[in-house]
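> What follows is my_file.cif, mmCIF, C-alpha atoms and all ligand atoms.
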```cif
data_structure
#
loop_
_atom_site.label_atom_id
_atom_site.label_comp_id
_atom_site.auth_asym_id
_atom_site.auth_seq_id
_atom_site.Cartn_x
_atom_site.Cartn_y
_atom_site.Cartn_z
CA MET A 12 -136.77 43.23 -257.84
CA SER A 13 -137.88 46.23 -255.79
CA ARG A 14 -139.29 45.42 -252.34
CA PHE A 15 -142.30 47.59 -253.20
CA LEU A 16 -143.35 45.33 -256.06
CA SER A 17 -143.34 42.00 -254.28
CA PRO A 18 -146.63 42.36 -252.33
CA LEU A 19 -148.28 43.38 -255.61
CA LEU A 20 -146.87 40.32 -257.33
CA GLY A 21 -147.99 37.91 -254.61
CA LYS A 22 -145.36 37.90 -251.85
CA CYS A 23 -145.40 39.20 -248.28
CA GLU A 24 -142.42 41.49 -247.62
CA THR A 25 -140.99 41.99 -244.08
CA PRO A 26 -140.84 44.79 -243.00
CA PRO A 27 -143.53 46.04 -245.36
CA PRO A 28 -142.47 48.47 -248.08
CA ILE A 29 -143.42 52.09 -247.48
CA TRP A 30 -144.19 55.15 -249.60
CA LEU A 31 -146.65 58.00 -248.92
CA MET A 32 -149.27 59.60 -251.10
CA ARG A 33 -148.19 63.19 -251.86
CA GLN A 34 -144.73 62.38 -250.53
CA ALA A 35 -143.39 65.18 -252.74
CA GLY A 36 -144.84 68.62 -252.14
CA ARG A 37 -145.48 71.54 -249.92
CA TYR A 38 -144.40 70.08 -246.53
CA LEU A 39 -140.80 69.93 -247.84
CA PRO A 40 -138.74 73.17 -247.77
CA GLU A 41 -136.77 72.06 -250.85
CA TYR A 42 -140.07 71.69 -252.78
CA ARG A 43 -141.25 75.17 -251.75
CA GLU A 44 -137.89 76.59 -252.86
CA LEU A 45 -138.10 75.03 -256.31
CA ARG A 46 -141.82 75.81 -256.61
CA LYS A 47 -141.02 79.56 -256.36
CA THR A 48 -138.94 79.39 -259.52
CA ALA A 49 -141.27 77.11 -261.49
CA GLY A 50 -143.98 79.58 -262.55
CA SER A 51 -147.38 77.90 -262.58
CA PHE A 52 -147.99 74.54 -260.95
CA LEU A 53 -148.79 72.95 -264.32
CA ASN A 54 -145.57 74.35 -265.73
CA LEU A 55 -143.80 72.39 -263.00
CA CYS A 56 -145.71 69.23 -264.01
CA TYR A 57 -144.74 69.72 -267.68
CA SER A 58 -141.04 70.49 -267.03
CA PRO A 59 -139.25 67.13 -266.96
CA GLU A 60 -136.10 68.37 -265.24
CA MET A 61 -137.96 70.10 -262.39
CA ALA A 62 -140.66 67.43 -262.05
CA ALA A 63 -137.99 64.71 -261.82
CA GLU A 64 -136.10 66.71 -259.19
CA VAL A 65 -139.26 67.12 -257.08
CA THR A 66 -139.98 63.38 -257.36
CA LEU A 67 -136.48 62.59 -256.10
CA GLN A 68 -136.53 64.99 -253.11
CA PRO A 69 -138.44 62.70 -250.70
CA ILE A 70 -136.44 59.68 -251.89
CA ARG A 71 -133.17 61.38 -250.92
CA ARG A 72 -134.52 62.37 -247.52
CA TYR A 73 -136.31 59.19 -246.50
CA GLY A 74 -135.30 56.33 -248.81
CA PHE A 75 -138.90 55.30 -249.52
CA ASP A 76 -139.32 51.97 -251.33
CA ALA A 77 -141.25 53.63 -254.14
CA SER A 78 -141.34 57.03 -255.78
CA ILE A 79 -144.41 58.50 -257.43
CA LEU A 80 -144.10 60.54 -260.57
CA PHE A 81 -144.61 64.23 -259.77
CA SER A 82 -147.58 65.33 -261.84
CA ASP A 83 -151.30 65.79 -261.23
CA ILE A 84 -154.52 64.00 -262.15
CA LEU A 85 -155.73 67.21 -263.86
CA VAL A 86 -153.05 66.95 -266.55
CA VAL A 87 -155.60 64.81 -268.44
CA PRO A 88 -158.35 67.46 -268.84
CA ASP A 89 -155.67 70.07 -269.47
CA ALA A 90 -154.15 67.96 -272.25
CA LEU A 91 -157.66 67.45 -273.71
CA GLY A 92 -157.94 71.23 -274.10
CA GLN A 93 -160.06 72.02 -271.04
CA GLU A 94 -157.55 74.45 -269.64
CA VAL A 95 -156.72 73.97 -265.93
CA ARG A 96 -155.53 76.83 -263.71
CA PHE A 97 -154.28 76.41 -260.14
CA VAL A 98 -155.26 79.39 -258.04
CA GLU A 99 -152.85 79.98 -255.13
CA GLY A 100 -154.45 78.84 -251.88
CA GLU A 101 -157.70 77.81 -253.60
CA GLY A 102 -156.97 74.79 -255.76
CA PRO A 103 -157.79 73.98 -259.38
CA ARG A 104 -160.19 75.88 -261.63
CA LEU A 105 -161.57 74.66 -265.00
CA ASP A 106 -164.31 75.99 -267.28
CA PRO A 107 -167.01 73.49 -266.32
CA ILE A 108 -168.55 71.09 -268.84
CA THR A 109 -172.04 70.61 -267.45
CA GLU A 110 -173.78 69.00 -270.42
CA ALA A 111 -172.95 66.67 -273.28
CA ALA A 112 -172.70 69.53 -275.82
CA GLY A 113 -169.56 70.71 -273.98
CA LEU A 114 -167.74 67.49 -274.86
CA LYS A 115 -167.23 68.84 -278.39
CA LYS A 116 -164.55 71.13 -276.98
CA LEU A 117 -162.36 68.19 -275.99
CA ASP A 118 -159.61 67.42 -278.49
CA ARG A 119 -157.33 64.42 -278.20
CA SER A 120 -154.77 65.71 -280.68
CA ALA A 121 -153.01 67.90 -278.08
CA THR A 122 -152.53 65.06 -275.60
CA THR A 123 -149.51 63.66 -277.49
CA GLU A 124 -147.32 66.68 -276.73
CA LYS A 125 -148.36 67.13 -273.09
CA PHE A 126 -148.29 63.43 -272.20
CA GLY A 127 -144.92 63.28 -273.98
CA ARG A 128 -143.50 65.81 -271.52
CA VAL A 129 -144.78 63.85 -268.52
CA CYS A 130 -143.29 60.67 -269.98
CA GLU A 131 -139.96 62.42 -270.41
CA THR A 132 -140.02 62.95 -266.62
CA VAL A 133 -140.65 59.20 -266.21
CA ALA A 134 -137.72 58.37 -268.49
CA ARG A 135 -135.38 60.70 -266.57
CA LEU A 136 -136.44 59.18 -263.27
CA LYS A 137 -135.78 55.71 -264.59
CA GLN A 138 -132.15 56.80 -265.02
CA ASP A 139 -131.81 58.79 -261.80
CA LEU A 140 -133.65 56.72 -259.17
CA PRO A 141 -131.59 54.46 -256.92
CA LYS A 142 -131.76 50.80 -257.93
CA GLY A 143 -134.45 49.11 -255.85
CA THR A 144 -136.68 52.21 -255.70
CA ALA A 145 -139.75 51.47 -257.79
CA LEU A 146 -141.37 54.16 -259.91
CA ILE A 147 -145.17 54.51 -259.75
CA GLY A 148 -147.01 56.12 -262.65
CA PHE A 149 -150.58 57.29 -262.10
CA CYS A 150 -153.73 58.92 -263.33
CA GLY A 151 -157.03 59.98 -261.80
CA ALA A 152 -159.88 57.52 -262.24
CA PRO A 153 -162.44 58.65 -264.84
CA TRP A 154 -165.10 59.37 -262.18
CA THR A 155 -162.83 61.59 -260.07
CA VAL A 156 -161.41 63.44 -263.10
CA ALA A 157 -164.97 63.93 -264.37
CA THR A 158 -166.00 65.54 -261.05
CA TYR A 159 -163.44 68.31 -261.70
CA MET A 160 -164.29 68.61 -265.41
CA VAL A 161 -168.01 68.96 -264.69
CA GLY A 162 -167.80 70.97 -261.44
CA GLY A 163 -164.94 73.17 -262.59
CA ARG A 164 -163.26 72.81 -259.17
CA GLY A 165 -162.99 70.57 -256.14
CA SER A 166 -166.25 70.28 -254.19
CA PRO A 167 -167.30 68.52 -250.98
CA ASP A 168 -170.14 66.54 -252.57
CA GLN A 169 -169.38 66.36 -256.34
CA ALA A 170 -172.96 67.49 -256.91
CA ALA A 171 -172.42 68.80 -260.45
CA ALA A 172 -171.07 65.50 -261.81
CA ARG A 173 -173.68 63.44 -259.96
CA LEU A 174 -176.45 65.62 -261.42
CA PHE A 175 -175.04 65.40 -264.96
CA ALA A 176 -174.91 61.60 -264.63
CA TYR A 177 -178.52 61.39 -263.36
CA LYS A 178 -179.97 63.82 -265.91
CA ASP A 179 -178.10 62.56 -268.97
CA PRO A 180 -176.53 59.13 -268.35
CA VAL A 181 -175.87 58.62 -272.06
CA GLY A 182 -174.00 61.93 -272.35
CA PHE A 183 -172.10 61.26 -269.12
CA GLN A 184 -171.17 57.82 -270.43
CA ARG A 185 -169.61 59.52 -273.45
CA LEU A 186 -167.42 61.63 -271.14
CA MET A 187 -166.45 58.50 -269.21
CA ASP A 188 -165.64 56.62 -272.43
CA ILE A 189 -163.32 59.44 -273.50
CA LEU A 190 -161.61 59.40 -270.10
CA VAL A 191 -161.26 55.60 -270.09
CA SER A 192 -159.66 55.62 -273.51
CA VAL A 193 -157.32 58.57 -272.82
CA SER A 194 -156.33 57.12 -269.43
CA ILE A 195 -155.39 53.79 -271.02
CA ASP A 196 -153.13 55.59 -273.52
CA TYR A 197 -151.65 57.84 -270.85
CA LEU A 198 -150.85 55.00 -268.42
CA SER A 199 -149.54 52.81 -271.22
CA GLN A 200 -147.17 55.59 -272.30
CA GLN A 201 -145.95 55.94 -268.72
CA VAL A 202 -145.15 52.21 -268.65
CA GLN A 203 -143.33 52.43 -271.98
CA ALA A 204 -141.27 55.29 -270.53
CA GLY A 205 -140.32 53.20 -267.48
CA ALA A 206 -143.05 53.12 -264.80
CA ASP A 207 -142.87 49.88 -262.75
CA ALA A 208 -146.42 50.03 -261.36
CA LEU A 209 -149.50 52.22 -261.71
CA GLN A 210 -151.99 53.75 -259.30
CA ILE A 211 -155.47 54.96 -260.25
CA PHE A 212 -156.72 57.65 -257.83
CA ASP A 213 -160.50 57.64 -257.34
CA SER A 214 -160.53 60.21 -254.56
CA TRP A 215 -164.28 60.88 -254.85
CA ALA A 216 -165.49 57.27 -255.24
CA GLY A 217 -167.27 57.56 -251.90
CA SER A 218 -169.97 59.98 -253.03
CA LEU A 219 -171.97 57.51 -255.14
CA PRO A 220 -174.85 55.14 -254.33
CA GLU A 221 -174.08 51.50 -255.09
CA SER A 222 -175.59 51.28 -258.60
CA GLU A 223 -173.75 54.44 -259.67
CA PHE A 224 -170.58 53.15 -258.00
CA ASP A 225 -170.83 50.03 -260.18
CA ARG A 226 -171.31 52.07 -263.31
CA TRP A 227 -168.94 55.03 -262.83
CA VAL A 228 -166.25 53.59 -260.55
CA ILE A 229 -166.02 49.81 -261.03
CA ALA A 230 -166.80 49.54 -264.77
CA PRO A 231 -164.36 52.22 -266.03
CA THR A 232 -161.58 50.99 -263.73
CA ALA A 233 -162.14 47.40 -264.91
CA LYS A 234 -161.88 48.54 -268.55
CA ILE A 235 -158.61 50.36 -267.89
CA ARG A 236 -157.25 47.37 -265.96
CA GLN A 237 -158.17 44.93 -268.75
CA ALA A 238 -156.62 47.03 -271.51
CA LEU A 239 -153.39 47.46 -269.55
CA ALA A 240 -153.23 43.74 -268.78
CA LYS A 241 -153.21 43.07 -272.52
CA GLN A 242 -150.54 45.65 -273.29
CA HIS A 243 -148.34 45.27 -270.20
CA PRO A 244 -149.15 41.97 -268.46
CA ASP A 245 -146.35 42.31 -265.88
CA ILE A 246 -147.18 45.79 -264.61
CA PRO A 247 -149.28 45.80 -261.41
CA VAL A 248 -152.10 48.31 -260.89
CA ILE A 249 -153.28 49.70 -257.53
CA GLY A 250 -156.79 51.10 -257.19
CA PHE A 251 -157.72 53.78 -254.62
CA PRO A 252 -161.51 53.98 -254.32
CA ARG A 253 -161.45 56.47 -251.46
CA GLY A 254 -164.53 56.39 -249.25
CA ALA A 255 -165.89 53.18 -250.79
CA GLY A 256 -166.25 51.38 -247.45
CA MET A 257 -167.67 47.86 -247.78
CA THR A 258 -168.01 48.18 -251.55
CA THR A 259 -164.19 48.15 -251.71
CA LEU A 260 -164.42 44.34 -251.66
CA LYS A 261 -166.60 44.30 -254.77
CA PHE A 262 -164.28 46.88 -256.35
CA VAL A 263 -161.32 44.54 -255.84
CA GLN A 264 -163.17 41.47 -257.11
CA GLN A 265 -164.62 43.11 -260.20
CA THR A 266 -161.86 45.45 -261.39
CA GLY A 267 -158.97 42.98 -261.34
CA VAL A 268 -156.58 45.39 -259.59
CA ASP A 269 -153.43 43.89 -258.03
CA GLY A 270 -153.49 46.18 -255.03
CA VAL A 271 -156.01 48.32 -253.19
CA SER A 272 -155.21 51.50 -251.29
CA CYS A 273 -157.43 52.00 -248.23
CA ASP A 274 -158.51 55.32 -246.75
CA THR A 275 -158.25 56.28 -243.11
CA ALA A 276 -161.76 55.13 -242.21
CA MET A 277 -161.25 51.56 -243.43
CA PRO A 278 -161.24 49.17 -240.41
CA LEU A 279 -157.98 47.25 -240.02
CA ALA A 280 -159.88 43.97 -239.61
CA PHE A 281 -161.56 44.49 -243.00
CA MET A 282 -158.16 45.13 -244.59
CA SER A 283 -156.42 42.17 -243.02
CA ASP A 284 -159.30 39.69 -243.45
CA GLN A 285 -161.73 40.42 -246.30
CA LEU A 286 -159.48 42.45 -248.58
CA SER A 287 -156.37 40.31 -248.12
CA ALA A 288 -158.46 37.18 -248.67
CA ALA A 289 -159.56 38.58 -252.03
CA GLY A 290 -156.00 37.98 -253.25
CA VAL A 291 -154.71 41.53 -253.56
CA ALA A 292 -151.99 43.56 -251.88
CA VAL A 293 -153.46 46.01 -249.37
CA GLN A 294 -152.02 49.50 -248.95
CA GLY A 295 -152.71 52.15 -246.31
CA ASN A 296 -154.02 53.64 -244.14
CA LEU A 297 -152.47 55.90 -241.49
CA ASP A 298 -154.40 59.12 -240.83
CA PRO A 299 -152.31 61.95 -242.39
CA LEU A 300 -153.13 64.10 -239.34
CA LEU A 301 -151.24 61.65 -237.09
CA LEU A 302 -148.20 62.58 -239.12
CA VAL A 303 -148.87 66.21 -238.16
CA SER A 304 -149.39 65.43 -234.46
CA GLY A 305 -146.45 62.99 -234.15
CA GLY A 306 -145.64 61.69 -230.66
CA LYS A 307 -147.24 58.69 -228.94
CA ALA A 308 -150.44 58.92 -230.97
CA LEU A 309 -148.43 58.41 -234.15
CA ASP A 310 -146.36 55.56 -232.69
CA HIS A 311 -149.42 53.66 -231.43
CA ALA A 312 -151.32 54.00 -234.68
CA VAL A 313 -148.32 52.83 -236.72
CA ASP A 314 -147.88 49.78 -234.49
CA ALA A 315 -151.59 48.93 -234.70
CA ILE A 316 -151.43 48.91 -238.49
CA LEU A 317 -148.21 46.86 -238.53
CA ASP A 318 -149.71 44.34 -236.09
CA ALA A 319 -152.94 43.97 -238.05
CA MET A 320 -151.19 43.49 -241.39
CA ARG A 321 -148.26 41.29 -240.29
CA GLY A 322 -147.90 38.28 -242.60
CA LYS A 323 -150.15 39.80 -245.28
CA ARG A 324 -149.29 41.27 -248.68
CA PHE A 325 -149.08 44.81 -247.35
CA ILE A 326 -147.66 48.20 -248.36
CA PHE A 327 -147.51 50.89 -245.66
CA ASN A 328 -149.01 54.22 -246.71
CA LEU A 329 -151.35 56.95 -245.53
CA GLY A 330 -155.13 56.90 -245.90
CA HIS A 331 -154.89 60.07 -248.02
CA GLY A 332 -152.16 62.53 -249.03
CA ILE A 333 -149.64 64.20 -246.70
CA VAL A 334 -150.88 67.62 -245.64
CA PRO A 335 -148.67 70.71 -246.08
CA GLN A 336 -148.31 71.41 -242.34
CA THR A 337 -146.61 68.01 -241.71
CA PRO A 338 -143.27 68.40 -239.93
CA PRO A 339 -140.67 66.61 -242.10
CA GLU A 340 -139.06 65.02 -239.00
CA HIS A 341 -142.30 63.16 -238.25
CA VAL A 342 -142.03 61.47 -241.65
CA ALA A 343 -138.50 60.33 -240.76
CA ARG A 344 -139.81 58.96 -237.45
CA LEU A 345 -142.57 57.07 -239.27
CA VAL A 346 -140.22 55.43 -241.78
CA GLU A 347 -137.84 54.40 -239.01
CA ARG A 348 -140.64 52.88 -236.94
CA VAL A 349 -142.14 50.93 -239.85
CA ARG A 350 -138.71 49.45 -240.64
CA GLN A 351 -137.97 48.60 -236.99
CA ASN A 352 -141.35 47.37 -235.77
CA GLY A 353 -142.67 45.96 -239.03
CA VAL A 354 -140.71 42.72 -238.72
O1 LIG B 1 -149.30 74.54 -254.68
C1 LIG B 1 -148.77 73.50 -255.09
O2 LIG B 1 -147.56 73.33 -255.07
C2 LIG B 1 -149.68 72.45 -255.66
C3 LIG B 1 -150.16 71.42 -254.70
C4 LIG B 1 -150.29 70.10 -255.47
C5 LIG B 1 -149.35 69.06 -255.50
C6 LIG B 1 -148.03 68.98 -254.76
C7 LIG B 1 -151.35 69.74 -256.34
C8 LIG B 1 -152.53 70.56 -256.69
N1 LIG B 1 -151.08 68.50 -256.88
C9 LIG B 1 -149.87 68.04 -256.40
C10 LIG B 1 -149.16 66.79 -256.77
C11 LIG B 1 -149.92 65.53 -256.91
N2 LIG B 1 -151.30 65.39 -257.00
C12 LIG B 1 -149.35 64.22 -257.02
C13 LIG B 1 -147.84 63.90 -257.12
C14 LIG B 1 -147.12 64.14 -255.87
C15 LIG B 1 -146.98 63.03 -254.86
O3 LIG B 1 -147.92 62.23 -254.65
O4 LIG B 1 -145.93 62.95 -254.25
C16 LIG B 1 -150.41 63.32 -257.11
C17 LIG B 1 -150.31 61.81 -257.19
C18 LIG B 1 -151.62 64.06 -257.10
C19 LIG B 1 -152.96 63.46 -257.25
C20 LIG B 1 -154.16 64.30 -257.12
N3 LIG B 1 -154.37 65.60 -257.53
C21 LIG B 1 -155.40 63.82 -256.62
C22 LIG B 1 -155.65 62.38 -256.18
C23 LIG B 1 -155.15 62.13 -254.80
C24 LIG B 1 -155.80 62.94 -253.70
O5 LIG B 1 -155.08 63.71 -253.06
O6 LIG B 1 -157.03 62.81 -253.50
C25 LIG B 1 -156.34 64.87 -256.68
C26 LIG B 1 -157.78 64.83 -256.26
C27 LIG B 1 -155.68 66.00 -257.26
C28 LIG B 1 -156.28 67.33 -257.60
C29 LIG B 1 -155.54 68.42 -256.95
N4 LIG B 1 -154.32 68.87 -257.39
C30 LIG B 1 -153.85 69.84 -256.55
C31 LIG B 1 -154.82 70.03 -255.52
C32 LIG B 1 -154.72 71.03 -254.41
C33 LIG B 1 -155.84 69.10 -255.77
C34 LIG B 1 -157.10 68.90 -254.91
C35 LIG B 1 -158.11 69.88 -255.30
C36 LIG B 1 -159.43 69.85 -254.55
O7 LIG B 1 -160.24 68.93 -254.71
O8 LIG B 1 -159.68 70.81 -253.81
#
```
Kindly present the structure from the file in structure tokens form.

Amino acid sequence: MSRFLSPLLGKCETPPPIWLMRQAGRYLPEYRELRKTAGSFLNLCYSPEMAAEVTLQPIRRYGFDASILFSDILVVPDALGQEVRFVEGEGPRLDPITEAAGLKKLDRSATTEKFGRVCETVARLKQDLPKGTALIGFCGAPWTVATYMVGGRGSPDQAAARLFAYKDPVGFQRLMDILVSVSIDYLSQQVQAGADALQIFDSWAGSLPESEFDRWVIAPTAKIRQALAKQHPDIPVIGFPRGAGMTTLKFVQQTGVDGVSCDTAMPLAFMSDQLSAAGVAVQGNLDPLLLVSGGKALDHAVDAILDAMRGKRFIFNLGHGIVPQTPPEHVARLVERVRQNGV
């Protein structure tokens, strides 16, 4: 069994397994090279040969314990017919759906073809990955995907989706129900194609008051978790409720996830005590900017995390994705240190 899977399945692994969110991407020269030839970013996501190659690039360089499928959370709205465009240097753009009437435009019939292409990438990777390197499939959590569908772009406060949910909770629930159901199908197809574990990215979970957090973060994630448990009882699921702070404990207890990814602001004591005691694997939470700075600051922070999580079911990761200006040699230094000092 892959070393990455054992903390998720109940065992402490020494040194802890390591992979990094956004480990494939713009900080790697070989990614930038291939990206030039790929046309649009979504074309890259939908081209199995290229997407598999990009997934493998950081594995060849660093020998991470897990790979993550190269794709994007916005494949789901795109496949539902809400076309997604990635504007160079600006991020994603969608035609916003700001009220329930707009949901009529969504059409599940096109998802089969687009999800099929992503799953072909998964199947290729299953063949090409070194034995012992786990393959993580993923999707965005319904709340986070909805923030892009409603806002039409990334935003600092997710105001458009929060307003939709306050003004028309019944209509917003319909959007969430669609996303829950499509996400279950999408993740299930990734498992059938060969994914060993799944991660659900709720990058904007931190913008909601507690009652809304229960309704739009915990409840949809719990539904997805339950459906997957029925279909694929052996496949572990990691939740990433970024920014959830103390409510992360309730998230873990009520969603039934097997692992929880913690953001940079999560105190190490909360991870090693409360979250570990809840019976899940804990993943995280190095500040991605320490990977840019490197040097002593990086070394000290890595050691502090390793010390706090020693003896726990732990997976080393960042608190959020690698940023493009990260020097690739700092990533090598991090992996080496985790493997040396994490014993
Ligand atoms: O220009 C480029 O080459 C595109 C940059 C890029 C990349 C490399 C985007 C656009 N997405 C990705 C890949 C990606 N995205 C992966 C697979 C790669 C890996 O992890 O190694 C994954 C898992 C994601 C997930 C993702 N996409 C999230 C959740 C995690 C997080 O970072 O919070 C989110 C919110 C997105 C949306 C998105 N896609 C891309 C961008 C720039 C964004 C953020 C947009 C914004 O809010 O401004």
> Using only C-alpha atoms and all ligand atoms, find each residue of chain A with at least one atom at most 6 Å away from an atom of ligand LIG 1 (chain B); report its shortest atom-to-atom pair and that distance in Å (one decimal), sort the rows by chain and rising residue number, and return the result as CSV.

```
residue,atom,partner,partner_atom,distance
A:Met32,CA,B:LIG1,O3,4.6
A:Arg33,CA,B:LIG1,O3,3.0
A:Gln34,CA,B:LIG1,O4,4.0
A:Ala35,CA,B:LIG1,O4,3.7
A:Gly36,CA,B:LIG1,C6,4.1
A:Arg37,CA,B:LIG1,O2,5.8
A:Phe52,CA,B:LIG1,C2,5.9
A:Ile79,CA,B:LIG1,O4,5.7
A:Phe81,CA,B:LIG1,C13,4.2
A:Ser82,CA,B:LIG1,C13,4.9
A:Asp83,CA,B:LIG1,N2,4.2
A:Ile84,CA,B:LIG1,N3,4.9
A:Gly102,CA,B:LIG1,C32,4.6
A:Pro103,CA,B:LIG1,C35,5.8
A:Gly165,CA,B:LIG1,O7,3.5
A:Phe212,CA,B:LIG1,C22,5.1
A:Ser214,CA,B:LIG1,O6,4.5
A:Gly332,CA,B:LIG1,O5,5.1
```
> Leaving out segment 112-126 of chain A and any residue of its chain fewer than 4 positions from it, which residues lie within 6 Å of it when counting all atoms listed in the file, given as a VMD selection string?
chain A and resid 90 to 92 108
> May I ask for the distance between atom CA of Glu41 of chain A and atom CA of Gln68 of chain A, given in Å to one decimal place?
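These atoms are spaced 7.4 Å apart.
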> Quote the spacing between atom CA of Ala255 of chain A and atom CA of Ala216 of chain A in Å to one decimal place.
6.1 Å
> For Asp213 of chain A, which residue out of A:Val313, A:Met12, A:Ala152, A:Ala238 is the nearest one, using all atoms listed in the file?
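Of A:Val313, A:Met12, A:Ala152, A:Ala238, the one nearest Asp213 of chain A, counting all atoms listed in the file, is A:Ala152.
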> Pull the closest atom pair for each residue of segment 35-119 of chain A that gets at most 7 Å from segment 168-183 of chain A, along with the distance in Å to one decimal, counting all atoms listed in the file, ordering rows by chain and then ascending residue number, as a Markdown table.

```
| residue | atom | partner | partner_atom | distance |
| --- | --- | --- | --- | --- |
| A:Thr109 | CA | A:Phe175 | CA | 6.5 |
| A:Glu110 | CA | A:Phe175 | CA | 6.7 |
| A:Ala111 | CA | A:Gly182 | CA | 4.9 |
```
> Nearest to Asp139 of chain A: which of A:Gly21, A:Gly163, A:Gly205, A:Pro88 is it, counting all atoms listed in the file?
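Among the listed residues, the smallest separation from Asp139 of chain A belongs to A:Gly205.
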> Contacts of Ser78 of chain A at 9 Å or less, counting all atoms listed in the file, minus same-chain residues fewer than 3 places along, as a list of chain:residue names?
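So, after excluding close chain neighbours, the residues are A:Trp30, A:Leu31, A:Gln34, A:Ala35, A:Thr66, A:Leu67, A:Pro69, A:Ile70, A:Phe75, A:Phe81, A:Leu140, A:Thr144, A:Ala145, A:Leu146, A:Ile147, A:Gly148.
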> Please write as a ChimeraX atom specification the list of polymer residues whose atoms come within 10 Å of (-165.5, 59.9, -260.6), counting all atoms listed in the file and keeping to the coordinates of the file.
/A:151-159,169,172-173,187,212-219,223-224,227-228,231,252
> Counting all atoms listed in the file, figure out which residue out of A:Lys137, A:Arg236, A:Arg14, A:His331 gets nearest to Met277 of chain A.
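Using all atoms listed in the file, Met277 of chain A sits closest to A:His331.
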> Considering only C-alpha atoms, can you say which of A:Gly270, A:Gly254, A:Pro28, A:Gly295 comes closest to Ala312 of chain A?
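The answer is A:Gly295, which sits nearest to Ala312 of chain A.
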> Would you kindly return, as a list in words, each protein, DNA or RNA residue with an atom no farther than 6 Å from any atom of Val95 of chain A, considering all atoms listed in the file and excluding same-chain residues fewer than 4 positions away?
Asp89, Arg104 and Leu105 of chain A
> Export, as a PDB file, in the coordinates of the input, the selected residues with C-alpha atoms.

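Final output, saved to out03.pdb:
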```pdb
ATOM      1  CA  ASP A  89    -155.670  70.070-269.470  1.00  0.00           C
ATOM      2  CA  ARG A 104    -160.190  75.880-261.630  1.00  0.00           C
ATOM      3  CA  LEU A 105    -161.570  74.660-265.000  1.00  0.00           C
TER       4      LEU A 105
END
```
> What residues have an atom no more than 8 Å from (-154.0, 40.5, -257.4) in the file's own frame, counting all atoms listed in the file, and can you write them as a PDB file with C-alpha atoms, keeping the file's coordinate frame?

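For reference, point37.pdb as written:
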```pdb
ATOM      1  CA  LEU A  19    -148.280  43.380-255.610  1.00  0.00           C
ATOM      2  CA  LEU A  20    -146.870  40.320-257.330  1.00  0.00           C
ATOM      3  CA  GLY A  21    -147.990  37.910-254.610  1.00  0.00           C
ATOM      4  CA  GLY A 267    -158.970  42.980-261.340  1.00  0.00           C
ATOM      5  CA  VAL A 268    -156.580  45.390-259.590  1.00  0.00           C
ATOM      6  CA  ASP A 269    -153.430  43.890-258.030  1.00  0.00           C
ATOM      7  CA  GLY A 270    -153.490  46.180-255.030  1.00  0.00           C
ATOM      8  CA  ALA A 289    -159.560  38.580-252.030  1.00  0.00           C
ATOM      9  CA  GLY A 290    -156.000  37.980-253.250  1.00  0.00           C
ATOM     10  CA  VAL A 291    -154.710  41.530-253.560  1.00  0.00           C
ATOM     11  CA  ALA A 292    -151.990  43.560-251.880  1.00  0.00           C
TER      12      ALA A 292
END
```
> Have a look at A:Val293, A:Leu302, A:Leu317, A:Val161 and name the one nearest to Thr25 of chain A; count only C-alpha atoms.
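For Thr25 of chain A, the nearest of the given residues is A:Leu317.
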> Which of these residues is nearest to Ser166 of chain A, using all atoms listed in the file: A:Asp310, A:Glu101, A:Met257, A:Arg226?
A:Glu101
> Mind pulling up the distance from atom CA of Cys150 of chain A to atom CA of Pro338 of chain A?
27.3 Å
> So that I can check the surroundings of Val193 of chain A, please list as a short mmCIF file (atom, residue, chain, number, x, y, z; two decimals) with C-alpha atoms, keeping the file's coordinate frame every protein, DNA and RNA residue that reaches within 9 Å of it, counting only C-alpha atoms and ignoring chain neighbours fewer than 2 positions away.

```
data_model
loop_
_atom_site.label_atom_id
_atom_site.label_comp_id
_atom_site.auth_asym_id
_atom_site.auth_seq_id
_atom_site.Cartn_x
_atom_site.Cartn_y
_atom_site.Cartn_z
CA VAL A 87 -155.60 64.81 -268.44
CA LEU A 91 -157.66 67.45 -273.71
CA ARG A 119 -157.33 64.42 -278.20
CA THR A 122 -152.53 65.06 -275.60
CA ASP A 188 -165.64 56.62 -272.43
CA ILE A 189 -163.32 59.44 -273.50
CA LEU A 190 -161.61 59.40 -270.10
CA VAL A 191 -161.26 55.60 -270.09
CA ILE A 195 -155.39 53.79 -271.02
CA ASP A 196 -153.13 55.59 -273.52
CA TYR A 197 -151.65 57.84 -270.85
CA LEU A 198 -150.85 55.00 -268.42
#
```
